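J.: Contents of data_3.cif (mmCIF, C-alpha atoms; chains and numbers go by the auth columns):
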```
data_entry
loop_
_atom_site.group_PDB
_atom_site.id
_atom_site.type_symbol
_atom_site.label_atom_id
_atom_site.label_comp_id
_atom_site.label_asym_id
_atom_site.label_seq_id
_atom_site.Cartn_x
_atom_site.Cartn_y
_atom_site.Cartn_z
_atom_site.B_iso_or_equiv
_atom_site.auth_seq_id
_atom_site.auth_asym_id
ATOM 1 C CA MET A 1 3.112 9.326 -11.480 0.00 1175 V
ATOM 2 C CA ALA A 2 3.680 5.920 -9.919 0.00 1176 V
ATOM 3 C CA GLU A 3 1.130 3.214 -9.198 0.00 1177 V
ATOM 4 C CA VAL A 4 1.758 0.902 -6.257 0.00 1178 V
ATOM 5 C CA ARG A 5 0.089 -2.475 -6.791 0.00 1179 V
ATOM 6 C CA ALA A 6 -0.363 -5.576 -4.670 0.00 1180 V
ATOM 7 C CA GLU A 7 2.111 -8.373 -5.302 0.00 1181 V
ATOM 8 C CA MET A 8 -0.064 -11.053 -3.690 0.00 1182 V
ATOM 9 C CA VAL A 9 -3.489 -11.852 -2.295 0.00 1183 V
ATOM 10 C CA ALA A 10 -3.558 -10.466 1.246 0.00 1184 V
ATOM 11 C CA ASN A 11 -5.532 -8.634 3.902 0.00 1185 V
ATOM 12 C CA VAL A 12 -4.844 -4.942 4.494 0.00 1186 V
ATOM 13 C CA TRP A 13 -3.740 -5.038 8.141 0.00 1187 V
ATOM 14 C CA LYS A 14 -2.736 -1.407 8.628 0.00 1188 V
ATOM 15 C CA VAL A 15 -2.785 1.746 6.496 0.00 1189 V
ATOM 16 C CA VAL A 16 0.251 3.862 7.421 0.00 1190 V
ATOM 17 C CA VAL A 17 -0.217 6.878 5.108 0.00 1191 V
ATOM 18 C CA LYS A 18 -3.164 9.007 4.024 0.00 1192 V
ATOM 19 C CA GLU A 19 -3.936 10.967 0.871 0.00 1193 V
ATOM 20 C CA GLY A 20 -1.881 14.144 0.796 0.00 1194 V
ATOM 21 C CA ASP A 21 1.079 12.659 2.681 0.00 1195 V
ATOM 22 C CA THR A 22 4.563 13.207 1.241 0.00 1196 V
ATOM 23 C CA VAL A 23 6.543 9.968 0.926 0.00 1197 V
ATOM 24 C CA SER A 24 10.102 9.071 -0.032 0.00 1198 V
ATOM 25 C CA ASP A 25 11.731 6.001 -1.557 0.00 1199 V
ATOM 26 C CA GLY A 26 11.647 3.251 1.085 0.00 1200 V
ATOM 27 C CA ASP A 27 8.642 4.556 3.076 0.00 1201 V
ATOM 28 C CA THR A 28 5.955 2.059 4.105 0.00 1202 V
ATOM 29 C CA LEU A 29 2.493 2.800 2.680 0.00 1203 V
ATOM 30 C CA VAL A 30 0.447 -0.073 4.083 0.00 1204 V
ATOM 31 C CA ILE A 31 1.097 -3.330 5.906 0.00 1205 V
ATOM 32 C CA LEU A 32 -0.469 -6.461 4.484 0.00 1206 V
ATOM 33 C CA GLU A 33 -1.130 -9.704 6.327 0.00 1207 V
ATOM 34 C CA SER A 34 -0.894 -13.040 4.578 0.00 1208 V
ATOM 35 C CA MET A 35 -0.447 -16.472 6.139 0.00 1209 V
ATOM 36 C CA LYS A 36 0.183 -14.850 9.567 0.00 1210 V
ATOM 37 C CA MET A 37 3.047 -12.762 8.149 0.00 1211 V
ATOM 38 C CA GLU A 38 3.111 -8.974 8.068 0.00 1212 V
ATOM 39 C CA ILE A 39 4.327 -7.652 4.731 0.00 1213 V
ATOM 40 C CA PRO A 40 5.089 -3.929 4.360 0.00 1214 V
ATOM 41 C CA VAL A 41 4.267 -2.329 1.005 0.00 1215 V
ATOM 42 C CA ILE A 42 7.090 0.111 0.326 0.00 1216 V
ATOM 43 C CA THR A 43 7.211 2.917 -2.228 0.00 1217 V
ATOM 44 C CA GLU A 44 10.128 3.203 -4.634 0.00 1218 V
ATOM 45 C CA ASP A 45 9.248 6.800 -5.515 0.00 1219 V
ATOM 46 C CA ASP A 46 9.344 10.224 -3.892 0.00 1220 V
ATOM 47 C CA GLY A 47 6.162 12.275 -4.078 0.00 1221 V
ATOM 48 C CA VAL A 48 2.700 12.861 -2.657 0.00 1222 V
ATOM 49 C CA VAL A 49 0.080 10.150 -2.118 0.00 1223 V
ATOM 50 C CA THR A 50 -2.721 11.409 -4.382 0.00 1224 V
ATOM 51 C CA GLN A 51 -4.933 8.315 -4.218 0.00 1225 V
ATOM 52 C CA LEU A 52 -5.205 5.624 -1.564 0.00 1226 V
ATOM 53 C CA LYS A 53 -7.362 2.772 -2.810 0.00 1227 V
ATOM 54 C CA VAL A 54 -7.424 0.426 0.200 0.00 1228 V
ATOM 55 C CA ASN A 55 -8.803 0.479 3.728 0.00 1229 V
ATOM 56 C CA GLU A 56 -7.844 -1.545 6.791 0.00 1230 V
ATOM 57 C CA GLY A 57 -9.610 -4.899 6.628 0.00 1231 V
ATOM 58 C CA ASP A 58 -9.847 -5.020 2.825 0.00 1232 V
ATOM 59 C CA VAL A 59 -8.921 -8.223 1.018 0.00 1233 V
ATOM 60 C CA ILE A 60 -6.864 -7.411 -2.055 0.00 1234 V
ATOM 61 C CA GLN A 61 -5.872 -9.505 -5.025 0.00 1235 V
ATOM 62 C CA GLU A 62 -2.557 -9.646 -6.859 0.00 1236 V
ATOM 63 C CA GLY A 63 -2.332 -6.624 -9.150 0.00 1237 V
ATOM 64 C CA ASP A 64 -4.898 -4.506 -7.262 0.00 1238 V
ATOM 65 C CA LEU A 65 -4.090 -0.800 -7.065 0.00 1239 V
ATOM 66 C CA ILE A 66 -3.021 0.228 -3.545 0.00 1240 V
ATOM 67 C CA ALA A 67 -1.938 3.834 -4.063 0.00 1241 V
ATOM 68 C CA VAL A 68 -0.952 6.454 -6.621 0.00 1242 V
ATOM 69 C CA ILE A 69 2.052 8.702 -5.958 0.00 1243 V
ATOM 70 C CA GLU A 70 2.707 11.851 -7.970 0.00 1244 V
#
```
Please lay out the structure from this file as structure tokens.

T.:
Amino acid sequence: MAEVRAEMVANVWKVVVKEGDTVSDGDTLVILESMKMEIPVITEDDGVVTQLKVNEGDVIQEGDLIAVIE
């Protein structure tokens, strides 16, 4: 199991995956927006997205859980 966490305070601009999706190392999970920059959140693990903890428009803090991959 892998937890993907936010590395900064940002807005969730776009959610690319949904629960149940199969992802591979390097796939984009969500795109964050901070200071007018788009920052992709990329998984480093292969597996299935079992939990997606953010929605488009959410404001997340550093360390917040974005997704769980098993």

J.: I'd like the contact shell of Thr1224 of chain V - 12 Å cut-off, only C-alpha atoms, skipping same-chain residues fewer than 5 positions apart - returned as a list in words.

T.: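 Near neighbours after the sequence-gap exclusion: Met1175, Ala1176, Glu1177, Val1178, Val1191, Lys1192, Glu1193, Gly1194, Asp1195, Thr1196, Val1197, Ile1240, Ala1241, Val1242, Ile1243 and Glu1244 of chain V.
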
J.: List as a list in words: which residues have an atom within 12 Å of (-2.9, -11.6, -2.8), counting all atoms listed in the file?

T.: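 The residues near that point, listed by chain and number, are Arg1179, Ala1180, Glu1181, Met1182, Val1183, Ala1184, Asn1185, Val1186, Leu1206, Glu1207, Ser1208, Met1209, Ile1213, Asp1232, Val1233, Ile1234, Gln1235, Glu1236, Gly1237, Asp1238, Leu1239 and Ile1240 of chain V.
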
J.: Include C-alpha atoms and write out the residues we just selected as a PDB file, keeping the file's coordinate frame.

T.:
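For reference, part.pdb as written:
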```pdb
ATOM      1  CA  ARG V1179       0.089  -2.475  -6.791  1.00  0.00           C
ATOM      2  CA  ALA V1180      -0.363  -5.576  -4.670  1.00  0.00           C
ATOM      3  CA  GLU V1181       2.111  -8.373  -5.302  1.00  0.00           C
ATOM      4  CA  MET V1182      -0.064 -11.053  -3.690  1.00  0.00           C
ATOM      5  CA  VAL V1183      -3.489 -11.852  -2.295  1.00  0.00           C
ATOM      6  CA  ALA V1184      -3.558 -10.466   1.246  1.00  0.00           C
ATOM      7  CA  ASN V1185      -5.532  -8.634   3.902  1.00  0.00           C
ATOM      8  CA  VAL V1186      -4.844  -4.942   4.494  1.00  0.00           C
ATOM      9  CA  LEU V1206      -0.469  -6.461   4.484  1.00  0.00           C
ATOM     10  CA  GLU V1207      -1.130  -9.704   6.327  1.00  0.00           C
ATOM     11  CA  SER V1208      -0.894 -13.040   4.578  1.00  0.00           C
ATOM     12  CA  MET V1209      -0.447 -16.472   6.139  1.00  0.00           C
ATOM     13  CA  ILE V1213       4.327  -7.652   4.731  1.00  0.00           C
ATOM     14  CA  ASP V1232      -9.847  -5.020   2.825  1.00  0.00           C
ATOM     15  CA  VAL V1233      -8.921  -8.223   1.018  1.00  0.00           C
ATOM     16  CA  ILE V1234      -6.864  -7.411  -2.055  1.00  0.00           C
ATOM     17  CA  GLN V1235      -5.872  -9.505  -5.025  1.00  0.00           C
ATOM     18  CA  GLU V1236      -2.557  -9.646  -6.859  1.00  0.00           C
ATOM     19  CA  GLY V1237      -2.332  -6.624  -9.150  1.00  0.00           C
ATOM     20  CA  ASP V1238      -4.898  -4.506  -7.262  1.00  0.00           C
ATOM     21  CA  LEU V1239      -4.090  -0.800  -7.065  1.00  0.00           C
ATOM     22  CA  ILE V1240      -3.021   0.228  -3.545  1.00  0.00           C
TER      23      ILE V1240
END
```

J.: Can you work out which one of V:Ser1198, V:Thr1217, V:Leu1203, V:Lys1210 has the shortest atom-to-atom distance to Asn1229 of chain V, counting all atoms listed in the file?

T.: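 Looking only at the distances to Asn1229 of chain V, the closest residue turns out to be V:Leu1203.
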
J.: Could you tell me how far atom CA of Ile1205 of chain V lies from atom CA of Val1228 of chain V, in Å and to one decimal?

T.: 10.9 Å

J.: Between atom CA of Val1222 of chain V and atom CA of Asp1201 of chain V, what is the distance in Å, rounded to a tenth?

T.: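 Those two atoms sit 11.7 Å apart.
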
J.: Work out how far apart atom CA of Gly1200 of chain V and atom CA of Lys1227 of chain V are and give it in Å to one decimal.

T.: 19.4 Å

J.: In file coordinates, which residues lie within 7 Å of (5.4, -1.6, 0.5) using all atoms listed in the file, given as a ChimeraX atom specification?

T.: /V:1202-1204,1214-1217

J.: Return as AutoDock Vina command-line options the box centre and box size in Å, one decimal, for an axis-aligned box around all listed atoms of segment 1200-1219 of chain V padded by 4 Å per side.

T.:
```
--center_x 5.3 --center_y -4.8 --center_z 2.0 --size_x 20.8 --size_y 31.3 --size_z 23.1
```

J.: Can you fill out segment 1212-1237 of chain V with N, CA and C atoms and hand it back as a JSON list (two decimals), in the frame of the given file?

T.:
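File selection20.json, as written:
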```
[["chain", "number", "residue", "atom", "x", "y", "z"],
["V", 1212, "GLU", "N", 3.34, -10.38, 8.39],
["V", 1212, "GLU", "CA", 3.11, -8.97, 8.07],
["V", 1212, "GLU", "C", 4.08, -8.57, 6.96],
["V", 1213, "ILE", "N", 3.52, -8.01, 5.89],
["V", 1213, "ILE", "CA", 4.33, -7.65, 4.73],
["V", 1213, "ILE", "C", 4.16, -6.16, 4.46],
["V", 1214, "PRO", "N", 5.21, -5.35, 4.67],
["V", 1214, "PRO", "CA", 5.09, -3.93, 4.36],
["V", 1214, "PRO", "C", 5.10, -3.70, 2.85],
["V", 1215, "VAL", "N", 4.25, -2.77, 2.40],
["V", 1215, "VAL", "CA", 4.27, -2.33, 1.00],
["V", 1215, "VAL", "C", 5.03, -1.01, 0.99],
["V", 1216, "ILE", "N", 6.15, -1.00, 0.29],
["V", 1216, "ILE", "CA", 7.09, 0.11, 0.33],
["V", 1216, "ILE", "C", 7.10, 0.82, -1.02],
["V", 1217, "THR", "N", 7.13, 2.15, -0.98],
["V", 1217, "THR", "CA", 7.21, 2.92, -2.23],
["V", 1217, "THR", "C", 8.65, 2.98, -2.71],
["V", 1218, "GLU", "N", 8.80, 3.03, -4.03],
["V", 1218, "GLU", "CA", 10.13, 3.20, -4.63],
["V", 1218, "GLU", "C", 10.26, 4.61, -5.22],
["V", 1219, "ASP", "N", 9.27, 5.47, -4.91],
["V", 1219, "ASP", "CA", 9.25, 6.80, -5.52],
["V", 1219, "ASP", "C", 9.08, 7.87, -4.44],
["V", 1220, "ASP", "N", 9.60, 9.05, -4.73],
["V", 1220, "ASP", "CA", 9.34, 10.22, -3.89],
["V", 1220, "ASP", "C", 8.13, 10.93, -4.46],
["V", 1221, "GLY", "N", 7.30, 11.51, -3.59],
["V", 1221, "GLY", "CA", 6.16, 12.28, -4.08],
["V", 1221, "GLY", "C", 5.08, 12.39, -3.03],
["V", 1222, "VAL", "N", 3.86, 12.69, -3.52],
["V", 1222, "VAL", "CA", 2.70, 12.86, -2.66],
["V", 1222, "VAL", "C", 1.69, 11.77, -2.98],
["V", 1223, "VAL", "N", 1.12, 11.16, -1.94],
["V", 1223, "VAL", "CA", 0.08, 10.15, -2.12],
["V", 1223, "VAL", "C", -1.18, 10.89, -2.58],
["V", 1224, "THR", "N", -1.55, 10.71, -3.86],
["V", 1224, "THR", "CA", -2.72, 11.41, -4.38],
["V", 1224, "THR", "C", -3.97, 10.54, -4.33],
["V", 1225, "GLN", "N", -3.79, 9.23, -4.34],
["V", 1225, "GLN", "CA", -4.93, 8.32, -4.22],
["V", 1225, "GLN", "C", -4.53, 7.15, -3.33],
["V", 1226, "LEU", "N", -5.40, 6.80, -2.40],
["V", 1226, "LEU", "CA", -5.20, 5.62, -1.56],
["V", 1226, "LEU", "C", -6.43, 4.76, -1.77],
["V", 1227, "LYS", "N", -6.25, 3.58, -2.33],
["V", 1227, "LYS", "CA", -7.36, 2.77, -2.81],
["V", 1227, "LYS", "C", -7.75, 1.62, -1.89],
["V", 1228, "VAL", "N", -7.12, 1.53, -0.72],
["V", 1228, "VAL", "CA", -7.42, 0.43, 0.20],
["V", 1228, "VAL", "C", -7.75, 0.97, 1.59],
["V", 1229, "ASN", "N", -8.48, 0.17, 2.33],
["V", 1229, "ASN", "CA", -8.80, 0.48, 3.73],
["V", 1229, "ASN", "C", -8.41, -0.71, 4.59],
["V", 1230, "GLU", "N", -8.16, -0.45, 5.88],
["V", 1230, "GLU", "CA", -7.84, -1.54, 6.79],
["V", 1230, "GLU", "C", -8.98, -2.56, 6.77],
["V", 1231, "GLY", "N", -8.62, -3.83, 6.67],
["V", 1231, "GLY", "CA", -9.61, -4.90, 6.63],
["V", 1231, "GLY", "C", -9.97, -5.37, 5.24],
["V", 1232, "ASP", "N", -9.57, -4.61, 4.21],
["V", 1232, "ASP", "CA", -9.85, -5.02, 2.82],
["V", 1232, "ASP", "C", -9.07, -6.28, 2.48],
["V", 1233, "VAL", "N", -9.64, -7.09, 1.61],
["V", 1233, "VAL", "CA", -8.92, -8.22, 1.02],
["V", 1233, "VAL", "C", -8.58, -7.80, -0.40],
["V", 1234, "ILE", "N", -7.30, -7.84, -0.73],
["V", 1234, "ILE", "CA", -6.86, -7.41, -2.06],
["V", 1234, "ILE", "C", -6.29, -8.59, -2.82],
["V", 1235, "GLN", "N", -6.36, -8.47, -4.13],
["V", 1235, "GLN", "CA", -5.87, -9.51, -5.03],
["V", 1235, "GLN", "C", -4.57, -9.04, -5.67],
["V", 1236, "GLU", "N", -3.79, -9.99, -6.15],
["V", 1236, "GLU", "CA", -2.56, -9.65, -6.86],
["V", 1236, "GLU", "C", -2.87, -8.70, -8.01],
["V", 1237, "GLY", "N", -2.14, -7.60, -8.08],
["V", 1237, "GLY", "CA", -2.33, -6.62, -9.15],
["V", 1237, "GLY", "C", -3.27, -5.48, -8.80]]
```
